[in-house]
file model-v7.cif (mmCIF, C-alpha atoms)
data_coords
loop_
_atom_site.label_atom_id
_atom_site.label_comp_id
_atom_site.auth_asym_id
_atom_site.auth_seq_id
_atom_site.Cartn_x
_atom_site.Cartn_y
_atom_site.Cartn_z
CA LEU I 1 0.00 0.00 0.00
CA SER I 2 2.90 2.35 0.76
CA LEU I 3 4.29 1.89 -2.73
CA VAL I 4 0.90 2.62 -4.31
CA ILE I 5 0.53 5.79 -2.25
CA LEU I 6 4.11 6.92 -2.98
CA ILE I 7 3.80 6.48 -6.76
CA PHE I 8 0.32 8.02 -6.81
CA LEU I 9 1.56 11.07 -4.84
CA LEU I 10 4.64 11.52 -7.05
CA ASP I 11 2.38 11.48 -10.08
CA ARG I 12 -0.22 13.82 -8.55
CA ILE I 13 2.36 16.35 -7.36
CA SER I 14 4.10 16.44 -10.75
CA LYS I 15 0.83 16.88 -12.65
CA ILE I 16 -0.57 19.51 -10.26
CA TYR I 17 2.68 21.47 -10.53
CA VAL I 18 2.76 21.35 -14.33
CA ILE I 19 -0.92 22.29 -14.57
CA TYR I 20 -0.26 25.20 -12.20
CA LEU I 21 2.72 26.40 -14.26
CA ASP I 22 0.73 26.02 -17.48
CA LYS I 23 -2.01 28.27 -16.09
CA LYS I 24 0.48 30.74 -14.63
CA PHE I 25 2.39 31.13 -17.90
CA LEU I 26 -0.72 30.79 -20.09
CA GLY I 27 0.24 27.55 -21.80
CA SER I 28 3.71 28.49 -22.97
CA GLU I 29 6.43 25.86 -23.09
CA LEU I 30 7.46 25.43 -19.47
CA PHE I 31 10.98 24.13 -20.10
CA SER I 32 13.01 23.55 -23.22
CA SER I 33 16.42 22.03 -23.79
CA LYS I 34 18.31 20.12 -26.45
CA PHE I 35 16.70 16.77 -25.50
CA LEU I 36 13.81 17.57 -23.15
CA ASN I 37 10.78 19.84 -23.28
CA ILE I 38 8.16 20.24 -20.59
CA SER I 39 4.83 21.42 -21.96
CA LEU I 40 1.32 20.35 -21.03
CA ILE I 41 -0.95 18.48 -23.40
CA TRP I 42 -4.18 16.69 -22.54
CA ASN I 43 -4.36 13.04 -23.60
CA GLU I 44 -7.86 11.63 -24.02
CA GLY I 45 -6.69 8.32 -25.47
CA ILE I 46 -4.76 5.48 -23.89
CA ALA I 47 -1.01 5.09 -23.51
CA PHE I 48 0.97 7.78 -25.31
CA GLY I 49 -2.17 9.33 -26.84
CA LEU I 50 -3.20 6.29 -28.84
CA PHE I 51 -6.92 6.10 -29.64
CA SER I 52 -7.57 9.77 -28.84
CA PHE I 53 -10.91 10.97 -30.12
CA ASP I 54 -13.56 13.60 -29.50
CA GLU I 55 -16.55 11.27 -29.22
CA LYS I 56 -17.57 11.18 -25.51
CA ASN I 57 -19.35 7.80 -25.77
CA LEU I 58 -16.16 6.17 -27.06
CA TYR I 59 -14.16 7.97 -24.35
CA ASN I 60 -16.51 6.60 -21.69
CA ILE I 61 -16.31 3.06 -23.11
CA LEU I 62 -12.52 3.30 -23.18
CA SER I 63 -12.56 4.52 -19.57
CA ILE I 64 -14.68 1.53 -18.52
CA ILE I 65 -12.27 -0.84 -20.27
CA ILE I 66 -9.32 0.82 -18.51
CA PHE I 67 -11.13 0.46 -15.18
CA LEU I 68 -11.69 -3.25 -15.85
CA VAL I 69 -8.00 -3.70 -16.71
CA ILE I 70 -7.09 -1.98 -13.42
CA LEU I 71 -9.35 -4.44 -11.57
CA ILE I 72 -7.69 -7.37 -13.35
CA ILE I 73 -4.25 -6.05 -12.36
CA LEU I 74 -5.47 -5.75 -8.75
CA PHE I 75 -6.63 -9.38 -8.89
CA TRP I 76 -3.20 -10.43 -10.21
CA ILE I 77 -1.52 -8.48 -7.40
CA ILE I 78 -3.56 -10.40 -4.83
CA LYS I 79 -2.64 -13.74 -6.48
CA SER I 80 1.06 -12.93 -7.04
CA LYS I 81 4.06 -13.28 -4.77
CA GLY I 82 7.56 -11.90 -4.57
CA PHE I 83 9.11 -9.62 -7.16
CA LYS I 84 6.25 -10.08 -9.64
CA LYS I 85 3.81 -8.67 -7.07
CA TYR I 86 5.88 -5.47 -6.79
CA LEU I 87 6.04 -5.06 -10.55
CA LEU I 88 2.27 -5.39 -10.77
CA ILE I 89 1.88 -2.86 -7.93
CA ILE I 90 4.04 -0.39 -9.89
CA ILE I 91 1.89 -0.88 -13.01
CA PHE I 92 -1.30 -0.64 -10.93
CA SER I 93 -0.16 2.59 -9.25
CA GLY I 94 0.63 4.28 -12.55
CA ALA I 95 -2.63 3.11 -14.09
CA LEU I 96 -4.53 4.37 -11.04
CA GLY I 97 -2.89 7.81 -11.37
CA ASN I 98 -3.87 8.14 -15.02
CA PHE I 99 -7.37 6.77 -14.40
CA TYR I 100 -7.87 9.35 -11.65
CA ASP I 101 -7.06 12.09 -14.18
CA ARG I 102 -9.48 10.63 -16.74
CA ILE I 103 -12.28 10.82 -14.19
CA VAL I 104 -11.39 14.20 -12.62
CA TYR I 105 -10.15 16.13 -15.69
CA GLY I 106 -11.64 14.19 -18.59
CA GLY I 107 -8.13 13.56 -19.90
CA VAL I 108 -4.61 12.76 -18.72
CA PRO I 109 -2.06 15.58 -18.46
CA ASP I 110 1.12 14.58 -20.29
CA PHE I 111 4.13 16.88 -20.22
CA ILE I 112 7.49 15.09 -20.61
CA ASP I 113 8.74 15.36 -24.20
CA PHE I 114 12.08 13.69 -24.96
CA HIS I 115 13.46 14.40 -28.41
CA VAL I 116 16.53 14.15 -30.56
CA GLY I 117 16.55 16.86 -33.17
CA ASN I 118 13.14 16.80 -34.83
CA PHE I 119 12.33 13.26 -33.66
CA HIS I 120 10.01 13.45 -30.65
CA TRP I 121 9.01 10.43 -28.60
CA PHE I 122 5.43 10.31 -27.33
CA ILE I 123 4.74 12.90 -24.64
CA PHE I 124 4.18 11.18 -21.29
CA ASN I 125 3.91 11.70 -17.54
CA VAL I 126 5.21 10.17 -14.30
CA SER I 127 2.48 7.47 -14.22
CA ASP I 128 3.47 6.42 -17.74
CA ILE I 129 7.06 5.99 -16.56
CA PHE I 130 6.00 3.61 -13.80
CA ILE I 131 3.62 1.70 -16.07
CA SER I 132 6.29 1.32 -18.76
CA LEU I 133 9.05 0.29 -16.34
CA GLY I 134 6.72 -2.15 -14.60
CA VAL I 135 5.68 -3.76 -17.89
CA LEU I 136 9.29 -3.87 -19.17
CA PHE I 137 10.61 -5.54 -16.01
CA LEU I 138 7.60 -7.86 -15.86
CA ILE I 139 8.38 -9.05 -19.40
CA ILE I 140 12.05 -9.55 -18.50
CA PHE I 141 11.04 -11.36 -15.29
CA GLU I 142 8.69 -13.67 -17.21
CA ILE I 143 11.35 -14.46 -19.83
CA ILE I 144 13.91 -15.28 -17.14
CA ASP I 145 11.37 -17.30 -15.15
CA ASN I 146 10.35 -19.28 -18.25
CA GLN I 147 13.99 -20.02 -19.08
CA LYS I 148 14.55 -21.16 -15.50
CA ASN I 149 11.50 -23.45 -15.69
CA LYS I 150 12.74 -24.97 -18.96
CA ILE I 151 16.12 -25.68 -17.38
CA ASP I 152 14.45 -27.20 -14.31
CA GLU I 153 12.24 -29.42 -16.53
CA LYS I 154 15.29 -30.71 -18.43
CA ASN I 155 17.03 -31.61 -15.16
CA ILE I 156 14.06 -33.68 -13.91
#

call {"tool": "encode", "arguments": {"input": "model-v7.cif", "output": "structure tokens"}}
result
Amino acid sequence: LSLVILIFLLDRISKIYVIYLDKKFLGSELFSSKFLNISLIWNEGIAFGLFSFDEKNLYNILSIIIFLVILIILFWIIKSKGFKKYLLIIIFSGALGNFYDRIVYGGVPDFIDFHVGNFHWFIFNVSDIFISLGVLFLIIFEIIDNQKNKIDEKNI
């Protein structure tokens, strides 16, 4: 529970601060450098702005699907043990942060824009970082665990 609260608070504080700065400076770019820009955009789609659309019925359906996925992750957390449980908690916490924004704001504030020259990666937020890292390490964990199981099966 402490990890969920910590990640949720980190996400909330970062988003509240960026939204505050955006209002204070009337939407101008908040920070700009050679590889990183901080500027607020509102994402009404899913991860990295995919499936963004103006239709409210589709937005609501997508929100319900996201809520169901969050419930499934919570179920997996309850059933899991060890390192896998922590990875699922990290994913859950990030998803909860973004879902909160969908409900409260009607969209998710994204503001971190990494780029090299004119190539810009998707704009994201702190919750997206935790979701992505959790998924990446979960995939690595599953690959390693499967390899270990194959080795154990050969030795039996």

call {"tool": "resolve_selection", "arguments": {"input": "model-v7.cif", "expression": "the PyMOL selection byres ((chain I and resi 129) around 12)", "output": "ChimeraX atom specification"}}
result
/I:7,10-11,47-48,90-91,93-95,97-98,110-112,122-128,130-136

call {"tool": "atom_distance", "arguments": {"input": "model-v7.cif", "atom1": "CA of Leu58 (chain I)", "atom2": "CA of Glu44 (chain I)"}}
result
10.4 Å

call {"tool": "closest_residue", "arguments": {"input": "model-v7.cif", "among": "I:Leu96, I:Ile140, I:Leu40, I:Leu62", "to": "Ile16 (chain I)", "atoms": "all atoms listed in the file"}}
result
I:Leu40

call {"tool": "atom_distance", "arguments": {"input": "model-v7.cif", "atom1": "CA of Asn149 (chain I)", "atom2": "CA of Ile78 (chain I)"}}
result
22.7 Å

call {"tool": "resolve_selection", "arguments": {"input": "model-v7.cif", "expression": "the PyMOL selection byres ((chain I and resi 106) around 9)", "output": "list in words"}}
result
Trp42, Asn43, Glu44, Tyr59, Asp101, Arg102, Ile103, Val104, Tyr105, Gly107 and Val108 of chain I

call {"tool": "atom_distance", "arguments": {"input": "model-v7.cif", "atom1": "CA of Phe35 (chain I)", "atom2": "CA of Gly117 (chain I)"}}
result
7.7 Å
